[in-house]
Every structure is written in structure tokens, then in C-alpha cells.
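Coordinates as given in start.pdb (PDB, C-alpha atoms):
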ATOM      1  CA  MET F 288       1.571 -49.580 154.563
ATOM      2  CA  GLN F 289      -0.035 -52.083 152.218
ATOM      3  CA  ILE F 290      -1.827 -54.865 154.080
ATOM      4  CA  THR F 291      -0.105 -58.154 153.313
ATOM      5  CA  LEU F 292      -1.164 -61.410 154.917
ATOM      6  CA  ILE F 293       1.811 -63.529 155.959
ATOM      7  CA  ALA F 294       0.373 -66.753 157.290
ATOM      8  CA  GLY F 295      -2.349 -67.196 154.735
ATOM      9  CA  THR F 296      -0.088 -68.739 152.076
ATOM     10  CA  ARG F 297       2.845 -69.640 154.344
ATOM     11  CA  PRO F 298       1.334 -71.117 157.521
ATOM     12  CA  ASN F 299       4.696 -71.953 159.134
ATOM     13  CA  PHE F 300       6.240 -68.579 158.356
ATOM     14  CA  VAL F 301       5.295 -66.847 161.607
ATOM     15  CA  LYS F 302       5.525 -68.923 164.766
ATOM     16  CA  ILE F 303       3.943 -67.267 167.765
ATOM     17  CA  SER F 304       2.685 -68.490 171.130
ATOM     18  CA  PRO F 305      -1.060 -69.210 171.453
ATOM     19  CA  ILE F 306      -1.397 -66.513 174.157
ATOM     20  CA  ILE F 307       0.167 -63.768 172.034
ATOM     21  CA  HIS F 308      -1.786 -65.086 169.035
ATOM     22  CA  ALA F 309      -5.044 -64.594 170.954
ATOM     23  CA  ILE F 310      -4.036 -61.124 172.171
ATOM     24  CA  LEU F 311      -3.184 -59.957 168.663
ATOM     25  CA  LYS F 312      -6.431 -61.274 167.249
ATOM     26  CA  LYS F 313      -8.588 -59.647 169.917
ATOM     27  CA  ARG F 314      -6.816 -56.449 170.973
ATOM     28  CA  ALA F 315      -4.449 -55.253 168.297
ATOM     29  CA  ALA F 316      -6.785 -54.401 165.461
ATOM     30  CA  GLY F 317      -5.117 -54.559 162.096
ATOM     31  CA  LEU F 318      -2.337 -57.010 163.008
ATOM     32  CA  TYR F 319      -4.394 -60.080 162.149
ATOM     33  CA  ARG F 320      -6.742 -59.983 159.181
ATOM     34  CA  THR F 321      -8.955 -62.074 156.935
ATOM     35  CA  ASP F 322      -8.332 -61.891 153.192
ATOM     36  CA  LEU F 323     -11.770 -61.214 151.716
ATOM     37  CA  MET F 324     -10.729 -62.657 148.346
ATOM     38  CA  THR F 325      -9.568 -66.052 149.652
ATOM     39  CA  ASN F 326     -11.251 -66.074 153.081
ATOM     40  CA  THR F 327      -7.934 -67.061 154.683
ATOM     41  CA  GLU F 328      -6.589 -65.595 157.908
ATOM     42  CA  GLY F 329      -3.083 -64.408 158.668
ATOM     43  CA  PHE F 330      -0.820 -61.844 160.280
ATOM     44  CA  THR F 331      -0.204 -58.586 158.465
ATOM     45  CA  LEU F 332       3.190 -57.197 157.488
ATOM     46  CA  ALA F 333       2.860 -54.773 160.408
ATOM     47  CA  SER F 334       2.690 -57.683 162.853
ATOM     48  CA  LEU F 335       5.782 -59.245 161.256
ATOM     49  CA  LEU F 336       7.726 -55.998 161.621
ATOM     50  CA  LEU F 337       6.632 -55.632 165.236
ATOM     51  CA  PHE F 338       7.180 -59.202 166.464
ATOM     52  CA  GLY F 339       8.891 -61.261 163.758
ATOM     53  CA  LYS F 340      12.314 -62.847 164.020
ATOM     54  CA  GLU F 341      15.158 -61.426 161.958
ATOM     55  CA  GLU F 342      15.197 -64.252 159.393
ATOM     56  CA  ALA F 343      11.432 -63.974 158.901
ATOM     57  CA  ILE F 344      11.558 -60.213 158.342
ATOM     58  CA  LEU F 345      14.482 -60.487 155.906
ATOM     59  CA  SER F 346      12.610 -63.147 153.946
ATOM     60  CA  MET F 347       9.856 -60.647 153.252
ATOM     61  CA  LEU F 348      12.021 -57.482 153.174
ATOM     62  CA  PRO F 349      15.619 -58.407 152.219
ATOM     63  CA  HIS F 350      16.722 -54.775 152.415
ATOM     64  CA  PHE F 351      15.489 -54.301 155.993
ATOM     65  CA  LYS F 352      18.084 -52.812 158.367
ATOM     66  CA  ILE F 353      18.854 -49.695 160.408
ATOM     67  CA  ASP F 354      22.276 -48.042 160.609
ATOM     68  CA  ALA F 355      23.381 -46.181 163.753
ATOM     69  CA  ILE F 356      26.631 -44.223 163.345
ATOM     70  CA  VAL F 357      28.763 -41.907 165.486
ATOM     71  CA  ARG F 358      31.022 -39.405 163.702
ATOM     72  CA  ARG F 359      32.306 -36.943 166.292
ATOM     73  CA  ILE F 360      36.071 -37.495 166.266
ATOM     74  CA  ASP F 361      36.763 -39.634 163.201
ATOM     75  CA  THR F 362      34.565 -37.715 160.753
ATOM     76  CA  ASN F 363      36.018 -39.407 157.669
ATOM     77  CA  ARG F 364      34.978 -42.854 158.836
ATOM     78  CA  TYR F 365      33.195 -43.291 162.171
ATOM     79  CA  ASP F 366      33.799 -43.629 165.908
ATOM     80  CA  ASP F 367      31.177 -46.330 166.367
ATOM     81  CA  ARG F 368      28.666 -48.086 164.173
ATOM     82  CA  GLU F 369      25.948 -50.673 164.682
ATOM     83  CA  THR F 370      23.501 -52.242 162.246
ATOM     84  CA  PHE F 371      20.147 -53.540 163.493
ATOM     85  CA  ARG F 372      17.896 -56.013 161.673
ATOM     86  CA  SER F 373      15.623 -57.003 164.544
ATOM     87  CA  ASN F 374      11.893 -56.357 164.811
ATOM     88  CA  LEU F 375      10.669 -52.884 165.722
ATOM     89  CA  ILE F 376      10.049 -53.657 169.395
ATOM     90  CA  SER F 377      13.662 -54.766 169.850
ATOM     91  CA  ALA F 378      15.020 -52.082 167.512
ATOM     92  CA  TYR F 379      13.478 -49.370 169.691
ATOM     93  CA  ASP F 380      15.334 -50.618 172.783
ATOM     94  CA  LEU F 381      18.611 -51.084 170.870
ATOM     95  CA  LEU F 382      18.495 -47.573 169.401
ATOM     96  CA  MET F 383      17.656 -45.994 172.762
ATOM     97  CA  HIS F 384      20.637 -47.822 174.263
ATOM     98  CA  PHE F 385      22.886 -46.640 171.417
ATOM     99  CA  VAL F 386      21.852 -43.029 172.005
ATOM    100  CA  ALA F 387      22.342 -43.333 175.777
ATOM    101  CA  LYS F 388      25.790 -44.796 175.171
ATOM    102  CA  HIS F 389      26.986 -41.811 173.147
ATOM    103  CA  LEU F 390      25.043 -38.764 174.327
ATOM    104  CA  PRO F 391      25.107 -37.047 177.728
ATOM    105  CA  ASP F 392      22.016 -36.479 179.824
ATOM    106  CA  ARG F 393      21.807 -33.012 181.376
ATOM    107  CA  PHE F 394      20.301 -32.540 184.825
ATOM    108  CA  TYR F 395      16.785 -31.135 184.628
ATOM    109  CA  GLN F 396      14.026 -30.967 187.200
ATOM    110  CA  GLU F 397      10.355 -30.709 186.310
ATOM    111  CA  GLY F 398       8.327 -29.869 189.392
ATOM    112  CA  ASP F 399       9.583 -32.073 192.214
ATOM    113  CA  HIS F 400      11.028 -34.753 189.944
ATOM    114  CA  ARG F 401      14.181 -35.064 187.913
ATOM    115  CA  ILE F 402      13.513 -36.152 184.342
ATOM    116  CA  SER F 403      15.799 -37.318 181.569
ATOM    117  CA  LEU F 404      15.767 -34.743 178.770
ATOM    118  CA  ARG F 405      17.643 -37.133 176.508
ATOM    119  CA  GLU F 406      15.062 -39.873 177.038
ATOM    120  CA  HIS F 407      12.104 -37.546 176.555
ATOM    121  CA  ILE F 408      13.525 -36.274 173.256
ATOM    122  CA  PHE F 409      14.740 -39.510 171.716
ATOM    123  CA  ARG F 410      11.813 -41.563 172.957
ATOM    124  CA  GLU F 411       9.619 -39.550 170.607
ATOM    125  CA  VAL F 412      12.139 -39.215 167.798
ATOM    126  CA  ILE F 413      13.066 -42.904 167.612
ATOM    127  CA  ALA F 414       9.467 -44.071 167.938
ATOM    128  CA  ASN F 415       8.426 -41.853 165.024
ATOM    129  CA  PHE F 416      11.554 -42.902 163.125
ATOM    130  CA  LEU F 417      10.335 -46.519 163.296
ATOM    131  CA  ILE F 418       6.618 -45.845 162.918
ATOM    132  CA  HIS F 419       6.648 -43.614 159.840
ATOM    133  CA  ARG F 420       9.244 -45.329 157.681
ATOM    134  CA  GLU F 421       8.331 -46.322 154.120
ATOM    135  CA  TYR F 422       9.204 -49.999 154.539
ATOM    136  CA  ILE F 423       8.928 -51.018 150.903
ATOM    137  CA  SER F 424      11.765 -48.610 150.047
ATOM    138  CA  PRO F 425      15.272 -50.166 149.950
ATOM    139  CA  ARG F 426      16.835 -46.960 151.282
ATOM    140  CA  VAL F 427      18.578 -47.669 154.587
ATOM    141  CA  PRO F 428      17.360 -45.471 157.472
ATOM    142  CA  THR F 429      20.190 -43.921 159.470
ATOM    143  CA  ILE F 430      20.787 -42.325 162.837
ATOM    144  CA  GLU F 431      23.999 -40.319 162.759
ATOM    145  CA  ILE F 432      25.455 -38.658 165.847
ATOM    146  CA  LEU F 433      27.728 -35.783 164.858
ATOM    147  CA  TYR F 434      29.704 -33.192 166.815
ATOM    148  CA  ASP F 435      26.879 -30.658 167.029
ATOM    149  CA  GLY F 436      23.737 -32.644 166.226
ATOM    150  CA  CYS F 437      21.993 -35.978 165.776
ATOM    151  CA  THR F 438      20.483 -36.528 162.330
ATOM    152  CA  LEU F 439      17.851 -39.156 161.510
ATOM    153  CA  LYS F 440      16.984 -39.932 157.877
ATOM    154  CA  ASN F 441      14.206 -42.171 156.662
ATOM    155  CA  ALA F 442      12.603 -43.175 153.387
ATOM    156  CA  ASN F 443       9.300 -41.351 153.153
ATOM    157  CA  LYS F 444       6.127 -40.954 151.129
ATOM    158  CA  PRO F 445       5.516 -37.267 151.855
ATOM    159  CA  HIS F 446       2.124 -35.873 152.738
ATOM    160  CA  LEU F 447       3.474 -32.316 152.732
ATOM    161  CA  TYR F 448       6.783 -30.872 151.540
ATOM    162  CA  GLY F 449       8.976 -28.622 153.647
ATOM    163  CA  PHE F 450       9.751 -27.998 157.300
ATOM    164  CA  ILE F 451       7.341 -29.167 159.979
ATOM    165  CA  GLU F 452       6.666 -27.114 163.096
ATOM    166  CA  PRO F 453       4.134 -27.559 165.910
ATOM    167  CA  ASN F 454       1.930 -24.791 164.505
ATOM    168  CA  ASN F 455       1.708 -26.223 160.970
ATOM    169  CA  TYR F 456       1.764 -29.952 161.654
ATOM    170  CA  GLU F 457      -1.117 -32.148 160.500
ATOM    171  CA  SER F 458      -1.621 -35.649 161.852
ATOM    172  CA  PHE F 459      -1.145 -38.150 159.044
ATOM    173  CA  PRO F 460      -0.075 -41.627 160.210
ATOM    174  CA  LYS F 461       2.037 -43.471 157.618
ATOM    175  CA  ASN F 462       1.657 -46.882 159.277
ATOM    176  CA  PRO F 463      -1.385 -46.556 161.553
ATOM    177  CA  HIS F 464      -1.338 -50.119 162.940
ATOM    178  CA  ILE F 465       2.300 -49.837 164.013
ATOM    179  CA  ALA F 466       1.645 -46.359 165.394
ATOM    180  CA  LYS F 467      -1.329 -47.589 167.405
ATOM    181  CA  PHE F 468       0.685 -50.396 168.956
ATOM    182  CA  PHE F 469       3.542 -48.073 169.963
ATOM    183  CA  VAL F 470       1.041 -45.724 171.599
ATOM    184  CA  GLN F 471      -0.584 -48.614 173.467
ATOM    185  CA  MET F 472       2.860 -49.674 174.719
ATOM    186  CA  ALA F 473       3.500 -46.078 175.940
ATOM    187  CA  ARG F 474       6.526 -45.782 173.648
ATOM    188  CA  ALA F 475       5.014 -42.954 171.640
ATOM    189  CA  GLU F 476       2.495 -40.174 172.093
ATOM    190  CA  GLU F 477      -0.590 -39.549 169.999
ATOM    191  CA  LEU F 478       0.208 -37.962 166.657
ATOM    192  CA  GLY F 479       1.168 -34.310 166.967
ATOM    193  CA  THR F 480       1.953 -34.443 170.687
ATOM    194  CA  GLY F 481       5.353 -36.027 170.065
ATOM    195  CA  ILE F 482       6.649 -33.164 167.907
ATOM    196  CA  ARG F 483       5.556 -30.589 170.469
ATOM    197  CA  ASN F 484       7.391 -32.514 173.194
ATOM    198  CA  VAL F 485      10.590 -32.712 171.118
ATOM    199  CA  TYR F 486      10.471 -28.939 170.518
ATOM    200  CA  ARG F 487       9.905 -28.296 174.202
ATOM    201  CA  TYR F 488      12.639 -30.533 175.608
ATOM    202  CA  SER F 489      15.194 -29.884 172.864
ATOM    203  CA  LYS F 490      15.293 -26.210 173.821
ATOM    204  CA  MET F 491      16.097 -27.225 177.388
ATOM    205  CA  TYR F 492      18.621 -29.877 176.314
ATOM    206  CA  SER F 493      20.785 -27.846 173.915
ATOM    207  CA  GLY F 494      19.341 -24.336 173.863
ATOM    208  CA  LYS F 495      18.292 -24.822 170.234
ATOM    209  CA  LEU F 496      15.199 -26.027 168.398
ATOM    210  CA  PRO F 497      15.046 -29.243 166.338
ATOM    211  CA  LYS F 498      14.299 -29.399 162.621
ATOM    212  CA  PHE F 499      11.791 -31.705 160.923
ATOM    213  CA  LYS F 500      11.932 -31.754 157.134
ATOM    214  CA  GLU F 501       9.487 -33.806 155.091
ATOM    215  CA  GLU F 502      10.360 -34.660 151.511
ATOM    216  CA  ASP F 503      11.022 -37.969 149.761
ATOM    217  CA  LEU F 504      13.585 -38.339 152.534
ATOM    218  CA  PHE F 505      12.257 -37.469 155.982
ATOM    219  CA  GLU F 506      14.986 -35.798 158.048
ATOM    220  CA  VAL F 507      15.126 -34.853 161.723
ATOM    221  CA  ILE F 508      17.988 -32.852 163.259
ATOM    222  CA  ILE F 509      18.321 -32.715 167.042
ATOM    223  CA  PRO F 510      20.886 -30.094 168.129
ATOM    224  CA  LEU F 511      23.484 -31.232 170.661
ATOM    225  CA  VAL F 512      25.613 -29.407 173.183
ATOM    226  CA  LYS F 513      29.177 -29.259 171.903
ATOM    227  CA  GLU F 514      31.618 -31.069 174.122
ATOM    228  CA  LYS F 515      34.303 -29.195 175.997
ATOM    229  CA  THR F 516      37.574 -28.602 174.238
ATOM    230  CA  THR F 517      40.924 -27.915 175.811
ATOM    231  CA  PRO F 518      41.074 -24.294 177.035
ATOM    232  CA  LYS F 519      43.503 -21.900 175.359
ATOM    233  CA  THR F 520      45.477 -21.451 178.585
ATOM    234  CA  THR F 521      46.221 -25.161 178.532
ATOM    235  CA  THR F 522      47.237 -25.371 174.895
ATOM    236  CA  LYS F 523      49.819 -22.642 175.406
ATOM    237  CA  THR F 524      51.763 -24.788 177.851
ATOM    238  CA  THR F 525      51.051 -28.170 176.275
ATOM    239  CA  PRO F 526      52.306 -29.587 172.964
ATOM    240  CA  LYS F 527      49.256 -29.322 170.681
ATOM    241  CA  THR F 528      49.313 -32.852 169.328
ATOM    242  CA  THR F 529      49.788 -34.518 172.716
ATOM    243  CA  THR F 530      47.037 -32.503 174.390
ATOM    244  CA  LYS F 531      44.578 -33.018 171.556
ATOM    245  CA  LYS F 532      45.037 -36.792 171.417
ATOM    246  CA  ALA F 533      44.793 -37.167 175.194
ATOM    247  CA  ALA F 534      41.614 -35.065 175.255
ATOM    248  CA  GLN F 535      40.120 -37.197 172.480
ATOM    249  CA  ILE F 536      40.941 -40.371 174.405
ATOM    250  CA  LEU F 537      39.087 -39.005 177.444
ATOM    251  CA  GLN F 538      36.067 -38.224 175.254
ATOM    252  CA  LEU F 539      36.064 -41.746 173.802
ATOM    253  CA  MET F 540      36.210 -43.273 177.277
ATOM    254  CA  ARG F 541      33.268 -41.182 178.450
ATOM    255  CA  ARG F 542      31.170 -42.421 175.551
ATOM    256  CA  ASP F 543      32.227 -46.061 175.850
ATOM    257  CA  SER F 544      33.817 -47.128 179.117
ATOM    258  CA  THR F 545      34.681 -50.562 177.659
ATOM    259  CA  ILE F 546      36.565 -49.250 174.620
ATOM    260  CA  LYS F 547      39.761 -51.165 173.792
ATOM    261  CA  VAL F 548      43.229 -49.793 173.062
ATOM    262  CA  LYS F 549      43.145 -51.042 169.457
ATOM    263  CA  GLU F 550      39.795 -49.322 168.857
ATOM    264  CA  ILE F 551      41.144 -46.030 170.235
ATOM    265  CA  ALA F 552      44.161 -46.335 167.954
ATOM    266  CA  ARG F 553      41.929 -47.002 164.934
ATOM    267  CA  ILE F 554      39.645 -44.040 165.614
ATOM    268  CA  LEU F 555      42.444 -41.570 166.322
ATOM    269  CA  ARG F 556      44.663 -43.007 163.597
ATOM    270  CA  ILE F 557      47.707 -43.407 165.811
ATOM    271  CA  SER F 558      49.726 -46.453 166.803
ATOM    272  CA  VAL F 559      48.770 -48.757 169.656
ATOM    273  CA  GLU F 560      52.050 -47.763 171.323
ATOM    274  CA  GLY F 561      51.016 -44.111 171.038
ATOM    275  CA  VAL F 562      47.708 -44.837 172.781
ATOM    276  CA  ARG F 563      49.487 -46.734 175.553
ATOM    277  CA  TYR F 564      51.851 -43.793 176.037
ATOM    278  CA  HIS F 565      48.905 -41.459 176.652
ATOM    279  CA  LEU F 566      47.162 -43.988 178.899
ATOM    280  CA  LYS F 567      50.262 -44.443 181.025
ATOM    281  CA  LYS F 568      50.633 -40.701 181.483
ATOM    282  CA  MET F 569      46.928 -40.178 182.295
ATOM    283  CA  LYS F 570      47.022 -43.018 184.835
ATOM    284  CA  LYS F 571      50.073 -41.398 186.449
ATOM    285  CA  ASP F 572      48.213 -38.081 186.641
ATOM    286  CA  LYS F 573      45.216 -39.947 188.147
ATOM    287  CA  LEU F 574      42.882 -38.902 185.342
ATOM    288  CA  ILE F 575      41.766 -42.441 184.494
ATOM    289  CA  GLN F 576      41.673 -45.916 185.995
ATOM    290  CA  PHE F 577      40.990 -49.313 184.468
ATOM    291  CA  ILE F 578      38.881 -51.627 186.627
ATOM    292  CA  GLY F 579      38.502 -55.363 186.068
ATOM    293  CA  ALA F 580      40.003 -57.934 183.732
ATOM    294  CA  ALA F 581      41.517 -56.971 180.378
ATOM    295  CA  LYS F 582      38.616 -58.393 178.337
ATOM    296  CA  THR F 583      35.689 -57.541 180.588
ATOM    297  CA  GLY F 584      36.867 -54.483 182.515
ATOM    298  CA  HIS F 585      36.055 -50.817 181.978
ATOM    299  CA  TRP F 586      37.548 -47.345 182.219
ATOM    300  CA  VAL F 587      36.690 -44.799 184.894
ATOM    301  CA  VAL F 588      37.411 -41.165 183.985
ATOM    302  CA  PHE F 589      38.173 -38.814 186.882
ATOM    303  CA  GLY F 590      39.620 -35.769 185.124
ATOM    304  CA  GLU F 591      38.639 -33.146 182.572
ATOM    305  CA  GLU F 592      40.548 -32.063 179.475
ATOM    306  CA  SER F 593      41.581 -28.872 181.268
ATOM    307  CA  THR F 594      43.510 -30.912 183.867
ATOM    308  CA  LEU F 595      45.829 -32.495 181.298
ATOM    309  CA  LYS F 596      49.461 -31.808 182.094
ATOM    310  CA  SER F 597      52.198 -30.978 179.628
ATOM    311  CA  ASP F 598      55.120 -33.228 178.800
ATOM    312  CA  LYS F 599      58.328 -32.008 180.328
TER
END
If you took the structure in this file and wrote it as C-alpha cells, what would it be?
Amino acid sequence: MQITLIAGTRPNFVKISPIIHAILKKRAAGLYRTDLMTNTEGFTLASLLLFGKEEAILSMLPHFKIDAIVRRIDTNRYDDRETFRSNLISAYDLLMHFVAKHLPDRFYQEGDHRISLREHIFREVIANFLIHREYISPRVPTIEILYDGCTLKNANKPHLYGFIEPNNYESFPKNPHIAKFFVQMARAEELGTGIRNVYRYSKMYSGKLPKFKEEDLFEVIIPLVKEKTTPKTTTKTTPKTTTKKAAQILQLMRRDSTIKVKEIARILRISVEGVRYHLKKMKKDKLIQFIGAAKTGHWVVFGEESTLKSDK
């Protein structure tokens, strides 16, 4: 990343507390610099991306944003979508929450302790997604959760072309000051270690290996375990359309327990009355329960798709 001083010519552009100001100047090398041409001091673009407010970042990089999309049921449009324009520290937490909201976490024990495979995988993937982006490019980085995989795409200035594997990977930090800060915050491993960890835990998470492809667009594909579908023995005794829609509603509720009736209807492309019909039947069969007030409550799912009963 090109070193750009922010506060040298615009002293009121970055407002930061004196304590953090002192920490950045002393401990985070590269986030506060002196311009040798003008002898003025200021924060670098890396510091703005790490700590700046949204309006400050957009003033310097108007194209700055990150798209997070889920396309598992409504593949023509999307099931869920969020756009983030916050600094990288906040964006990391928001993206981790988005992934946790939509992806399951399989039980896995390492030694005497249970660990989160999902967190171990996406901690590395999202950190590198934010660290190694080519920020001067207007291309919007995306995280897309599909039926059988999660794909991350980022603008890139490639060092090598082709697929990256642990045995052929060379450490080459794109934005070293951002990378260093993420490592110091324990949100990323040293270069090279992260890819090996993703390969290791992805095999345990889905039974498949991830793919890292470096070109002008850097792409990462994390395989996912396909969700259960209604067994054939059930579909024989259940009207296909009714069973399929009810199963999809259960899947949506598992991903987002606060989902509203109108949102379900939009995703499944059926009427609100149709959604309410399925909800009424599933409540009667004790597959679901709504807890709390209409605006602030949430769904609790008790049943599986295989327990859906036919209309008679």
C-alpha cells in the first residue's frame, strides 16, 4: 500500500484520543510517519483504514465497502445481504458475526478442549481478506455463502499466478503495516501459518480442502457441508411443493432466528398467507415456536425436515 499521510495537510481529518495517538506513534510502526519532503507528521492510510470513522474513510476512498451475501435458497437474488463500510477492526467483527449467523459449527475436540472449526477457519480467511486487499482498486470485495461453499473475492496485485497451496506458498505481505497490527491483536497468524491452518481445519469441517487462487482477482473457496434435504421416504407421502417450502422455512429459521414472515415470503417467492399457512401447521406439529413480542421475538426450531407431516 502506498504510504499517504492524512493529517499532514488536513489536521482535523483524523480525530483520535491522546492515549491512542501516543500508542500508535510509539508501538505501531508505520501507522504514523514523517513526510521527509515537507517534514510534517501524520497518520498513514493504513491507520485510517484500521481506526478511521466511516465518513473519514469514504472521503479518502469513496469506493470503500464490503459486500456479504447469502445465496443458498434464493439463488437468483439472495437470502441475506449486508454491506459494511466501517474500519477494518470493526469490519472483522461484523464479518465474523455474519458468518456465524449463517454457517453451522460442527463439534470438534482437540486434545481435552472443544474448539470451533468455523472460527478457526474464518478467523484466518477474513483476516487475510482484509489485510491483503488492493485498496486503491474500486472493485468491491465480496463474501458469498452458497449451498456448497463460501467464496471470497478481492481485488489483488498478484505476486504469483495460479493456485496457492501450503507447499508452494511464499510469504509476500500486500499491506505489511495492516498485517502487523492484525497479528499483534491476535486476529491473524504470521504469514504462511494461516493458510496451513485453513487447510487443516477445512478438511475436518467439510471433508474437503479449500482453494486459494491468486490472479488479478484473489479468490478463496471454503467448502461447506451440504444441508440436509427431505428424505425420499418423506417426499413419497408428502405433496412435493408443501414439503419443500416447509423445509426451506425451517432452514431459514435456523440461520436467522429473528427472520420475519414478510422476509420468508420474499425469499421463497410465495405469499405472506402461504408462509402463515406453513407456520400454523408447523406450530401444530410442534416443530417450531415463536418466543417474545412480534417485533423483538425469535423462532425456536425443534424439528428436522424429516419430521414434516403430509397434508391430509
Once the PyMOL selection byres ((chain F and resi 536-547) around 7) is applied to the coordinates I shared, what remains selected? I want it as a PyMOL selection string. chain F and resi 388-389+532-535+548-551+584-588
Could you list, as a PyMOL selection string, every residue within 8 Å of Ala414 (chain F), counting only C-alpha atoms and ignoring same-chain residues fewer than 5 positions away? chain F and resi 379+409+469+474-475
Kindly resolve the PyMOL selection byres ((chain F and resi 355-372) around 7) on the present coordinates and return the residues as a PyMOL selection string. chain F and resi 341+351-354+373-374+378+429-434+554-555
Close residues, Ser424 (chain F) itself excluded, 12 Å, all atoms listed in the file, min 4 positions apart in chain, as a PyMOL selection string: chain F and resi 288+348-352+420+428+441-444+503-504
Just the number, please: distance in Å from CA of Ile344 (chain F) to CA of Leu318 (chain F), one decimal. 15.0 Å
Name the residues that the PyMOL selection byres ((chain F and resi 487) around 12) picks from the file above, as a list in words, using the file's chain letters and numbers.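 On this input, the PyMOL selection byres ((chain F and resi 487) around 12) captures Leu404, Arg405, His407, Ile408, Glu411, Glu452, Pro453, Thr480, Gly481, Ile482, Arg483, Asn484, Val485, Tyr486, Tyr488, Ser489, Lys490, Met491, Tyr492, Ser493, Gly494, Lys495, Leu496, Pro497 and Ile509 of chain F.
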Counting all atoms listed in the file, the option among F:Glu476, F:Glu397, F:Glu457, F:Asp572 closest to Val412 (chain F):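 Among the listed residues, the smallest separation from Val412 (chain F) belongs to F:Glu476.
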Å distance separating CA of Glu502 (chain F) from CA of Tyr448 (chain F), one decimal place: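 CA of Tyr448 (chain F) lies at a distance of 5.2 Å from CA of Glu502 (chain F).
Distance-wise, CA of Leu574 (chain F) and CA of Thr530 (chain F) end up 13.3 Å apart.
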Emit as AutoDock Vina command-line options the padded axis-aligned box for all listed atoms of region 435-442 of chain F, 6 Å per side, with centre and edge lengths in Å to one decimal.
--center_x 19.7 --center_y -36.9 --center_z 160.2 --size_x 26.3 --size_y 24.5 --size_z 25.6
Skip His446 (chain F) itself and residues of its chain fewer than 4 positions away, then list as a VMD selection string all residues within 12 Å of it, counting all atoms listed in the file. chain F and resid 419 450 to 451 456 to 461 500 to 505
Output file for the selection above: C-alpha atoms, as an mmCIF file, in the frame of the given file:
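Generated file (out-v6.cif):
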data_model
loop_
_atom_site.group_PDB
_atom_site.id
_atom_site.type_symbol
_atom_site.label_atom_id
_atom_site.label_comp_id
_atom_site.auth_asym_id
_atom_site.auth_seq_id
_atom_site.Cartn_x
_atom_site.Cartn_y
_atom_site.Cartn_z
ATOM 1 C CA HIS F 419 6.648 -43.614 159.840
ATOM 2 C CA PHE F 450 9.751 -27.998 157.300
ATOM 3 C CA ILE F 451 7.341 -29.167 159.979
ATOM 4 C CA TYR F 456 1.764 -29.952 161.654
ATOM 5 C CA GLU F 457 -1.117 -32.148 160.500
ATOM 6 C CA SER F 458 -1.621 -35.649 161.852
ATOM 7 C CA PHE F 459 -1.145 -38.150 159.044
ATOM 8 C CA PRO F 460 -0.075 -41.627 160.210
ATOM 9 C CA LYS F 461 2.037 -43.471 157.618
ATOM 10 C CA LYS F 500 11.932 -31.754 157.134
ATOM 11 C CA GLU F 501 9.487 -33.806 155.091
ATOM 12 C CA GLU F 502 10.360 -34.660 151.511
ATOM 13 C CA ASP F 503 11.022 -37.969 149.761
ATOM 14 C CA LEU F 504 13.585 -38.339 152.534
ATOM 15 C CA PHE F 505 12.257 -37.469 155.982
#
Measuring between all atoms listed in the file, which one of F:Leu511, F:Ile418, F:Met472, F:Ile423 shows the shortest distance to Asp435 (chain F)?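 Checking each of F:Leu511, F:Ile418, F:Met472, F:Ile423 against Asp435 (chain F), counting all atoms listed in the file, the winner is F:Leu511.
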Pick out the closest residue to His464 (chain F) from this set: F:Leu382, F:Ala333, F:Met324, F:Ala552. Count all atoms listed in the file. F:Ala333
